[in-house]
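Participant: Take this structure, written in structure tokens, and hold onto it; I'll ask about it next.
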Amino acid sequence: MARLKDSMIEFLTHGEIQELVERLAKEIEMDYRGKEIVHICPLKGSCLFLSDLVRNINLPQQIDFVQAGAVEKKGAIRLMKDISVNITGKHVLIVEEIIDTGRTLSFLKQRLLAGSPASLKIVTLLDKPARRELPIKPDYVGMTIEDRYMVGYGMDSEELGRNYSDIFYFTQ
């Protein structure tokens, strides 16, 4: 049986991904020196990135998860799982593996701002601004990429490929 990645082109190796994660962690650690961070991880794709990122940040940290998605394609965004930690007065970092249209992330950002955090920033491993529908800009970016469909390192194609340690893209 052929694997999904057999029909794809490798974009980033696991080693290259880890270099990006380490660089992002150093930037975050410098900016939040002496502070505690609450990482909010949108499920499901960001879990692997979050896991690697927090292991590279030497600061007090909390982790919580949220799940939001469109009710239908290009439809309203709904919250399927809310955070359970109180973020009032805390430094919050939304951890995304990739930012595409920005619709769900914009919804999530507004939802979290309603919780009155001391600060709210966004970190993404991959930023795809060519697909942006809403004007949202991450504060920390591992790499800006072209408009390609990525799979691996948490990103999937119909729930397949999340477990790949490298990142691949489909040929058109």
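Letters A, B, ... mark the chains of the structure tokens in the order given; residue numbers begin at 1 per chain; ligand numbers begin at 1, in order shown.
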Residues of chain A in helix (DSSP H, G or I) according to DSSP, as JSON, numbers by chain?

Facilitator: {"A": [4, 5, 6, 7, 14, 15, 16, 17, 18, 19, 20, 21, 22, 23, 24, 25, 26, 27, 28, 29, 30, 31, 47, 48, 49, 50, 51, 52, 53, 54, 55, 103, 104, 105, 106, 107, 108, 109, 110, 111, 112, 113, 129, 130, 131]}

Participant: Tell me which protein, DNA and RNA residues are within 6 Å of region 126-130 of chain A, counting only C-alpha atoms, leaving out same-chain ones fewer than 6 positions away, and put them as an MDAnalysis selection string.

Facilitator: chainID A and resid 98:100 142:145

Participant: Output N, CA and C atoms for every residue in that selection, as a PDB file, in the first residue's frame.

Facilitator:
ATOM      1  N   ILE A  98       0.313  26.246  11.240  1.00  0.00           N
ATOM      2  CA  ILE A  98       0.257  26.956   9.958  1.00  0.00           C
ATOM      3  C   ILE A  98      -0.918  27.941  10.001  1.00  0.00           C
ATOM      4  N   ILE A  99      -0.710  29.115   9.427  1.00  0.00           N
ATOM      5  CA  ILE A  99      -1.802  30.089   9.295  1.00  0.00           C
ATOM      6  C   ILE A  99      -2.118  30.206   7.813  1.00  0.00           C
ATOM      7  N   ASP A 100      -3.365  29.973   7.498  1.00  0.00           N
ATOM      8  CA  ASP A 100      -3.833  29.950   6.123  1.00  0.00           C
ATOM      9  C   ASP A 100      -4.756  31.152   5.904  1.00  0.00           C
ATOM     10  N   GLY A 142       8.038  31.023  11.925  1.00  0.00           N
ATOM     11  CA  GLY A 142       9.155  30.144  11.590  1.00  0.00           C
ATOM     12  C   GLY A 142       9.576  30.343  10.158  1.00  0.00           C
ATOM     13  N   MET A 143       8.597  30.316   9.237  1.00  0.00           N
ATOM     14  CA  MET A 143       8.882  30.475   7.811  1.00  0.00           C
ATOM     15  C   MET A 143       7.619  30.927   7.085  1.00  0.00           C
ATOM     16  N   THR A 144       7.786  31.864   6.169  1.00  0.00           N
ATOM     17  CA  THR A 144       6.688  32.274   5.289  1.00  0.00           C
ATOM     18  C   THR A 144       6.778  31.413   4.039  1.00  0.00           C
ATOM     19  N   ILE A 145       5.633  30.858   3.626  1.00  0.00           N
ATOM     20  CA  ILE A 145       5.623  29.926   2.505  1.00  0.00           C
ATOM     21  C   ILE A 145       4.651  30.369   1.430  1.00  0.00           C
TER      22      ILE A 145
END

Participant: List the neighbours of Val21 (chain A) out to 9 Å using only C-alpha atoms; skip same-chain residues closer than 3 positions along the sequence, and give me the result as a PyMOL selection string.

Facilitator: chain A and resi 16-18+24-26+49+52-53+56+125+142

Participant: For the selection just defined, write its residues with N, CA and C atoms to a file, as a compact mmCIF listing (two decimals), in the first residue's frame.

Facilitator:
# COMPACT_ATOMS: atom_id res chain seq x y z
N GLU A 16 15.36 20.40 9.88
CA GLU A 16 15.09 21.80 9.53
C GLU A 16 13.94 22.36 10.37
N ILE A 17 12.94 21.53 10.62
CA ILE A 17 11.81 21.94 11.46
C ILE A 17 12.32 22.26 12.86
N GLN A 18 13.17 21.39 13.40
CA GLN A 18 13.68 21.60 14.75
C GLN A 18 14.51 22.88 14.84
N LEU A 24 12.49 30.02 17.13
CA LEU A 24 11.27 30.63 17.67
C LEU A 24 11.28 30.60 19.19
N ALA A 25 11.68 29.49 19.77
CA ALA A 25 11.72 29.36 21.23
C ALA A 25 12.67 30.40 21.84
N LYS A 26 13.81 30.62 21.21
CA LYS A 26 14.76 31.62 21.72
C LYS A 26 14.17 33.03 21.66
N PHE A 49 3.94 20.72 17.10
CA PHE A 49 4.70 21.96 17.18
C PHE A 49 4.74 22.46 18.62
N ASP A 52 7.18 20.38 20.82
CA ASP A 52 8.60 20.71 20.60
C ASP A 52 8.92 22.11 21.09
N LEU A 53 8.02 23.05 20.88
CA LEU A 53 8.26 24.44 21.27
C LEU A 53 8.43 24.57 22.78
N ASN A 56 11.63 23.62 24.38
CA ASN A 56 12.77 24.49 24.07
C ASN A 56 12.69 25.85 24.76
N LEU A 125 4.54 28.10 12.98
CA LEU A 125 5.69 27.50 12.31
C LEU A 125 5.71 27.96 10.85
N GLY A 142 8.04 31.02 11.93
CA GLY A 142 9.16 30.14 11.59
C GLY A 142 9.58 30.34 10.16

Participant: Apply DSSP to the backbone of this structure and, from region 7-67 of chain A, keep only the residues in strand (DSSP E); write these as a PyMOL selection string.

Facilitator: chain A and resi 8-12+37-42+61-67

Participant: Could you write out the selected residues, including C-alpha atoms, as a JSON list (two decimals), in the first residue's frame?

Facilitator:
[["chain", "number", "residue", "atom", "x", "y", "z"],
["A", 8, "MET", "CA", 4.34, 14.37, -2.35],
["A", 9, "ILE", "CA", 7.52, 16.45, -2.36],
["A", 10, "GLU", "CA", 9.53, 16.93, 0.81],
["A", 11, "PHE", "CA", 9.50, 20.57, 1.92],
["A", 12, "LEU", "CA", 11.19, 20.55, 5.35],
["A", 37, "ILE", "CA", 3.43, 32.00, 29.46],
["A", 38, "VAL", "CA", 0.10, 30.30, 28.84],
["A", 39, "HIS", "CA", 0.27, 28.43, 25.54],
["A", 40, "ILE", "CA", -3.08, 27.90, 23.82],
["A", 41, "CYS", "CA", -2.94, 25.09, 21.28],
["A", 42, "PRO", "CA", -5.69, 24.83, 18.68],
["A", 61, "GLN", "CA", 4.64, 27.65, 31.23],
["A", 62, "GLN", "CA", 1.07, 26.41, 31.20],
["A", 63, "ILE", "CA", -0.62, 24.62, 28.32],
["A", 64, "ASP", "CA", -4.27, 24.53, 27.37],
["A", 65, "PHE", "CA", -6.18, 23.37, 24.32],
["A", 66, "VAL", "CA", -9.00, 24.81, 22.26],
["A", 67, "GLN", "CA", -10.87, 23.49, 19.25]]

Participant: Using only C-alpha atoms, which residues sit within 12 Å of region 103-114 of chain A once same-chain residues fewer than 2 positions away are excluded, as a PyMOL selection string?

Facilitator: chain A and resi 38-43+65-71+73-101+116-124+131-138

Participant: Can you tell me which residues surround region 148-161 of chain A at a distance of at most 7 Å, considering only C-alpha atoms, apart from same-chain residues fewer than 5 positions away, and format the answer as a ChimeraX atom specification?

Facilitator: /A:4,45-48,166-170

Participant: Which is closer to Leu20 (chain A) than all the others in A:Val141, A:Leu59, A:Gly115, A:Arg162, using only C-alpha atoms?

Facilitator: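 Answer, going by the shortest atom-to-atom distance: A:Val141.
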
Participant: Take CA of Arg33 (chain A) and CA of Asp139 (chain A) and report the distance between them in Å, one decimal.

Facilitator: 16.3 Å

Participant: When you draw a straight line from CA of Pro60 (chain A) to CA of Lys44 (chain A), how long is it in Å?

Facilitator: 23.7 Å

Participant: Rounded to one decimal place, report the CA of Glu19 (chain A)-CA of Arg3 (chain A) distance in Å.

Facilitator: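 Rounded to one decimal, the two atoms are 26.2 Å apart.
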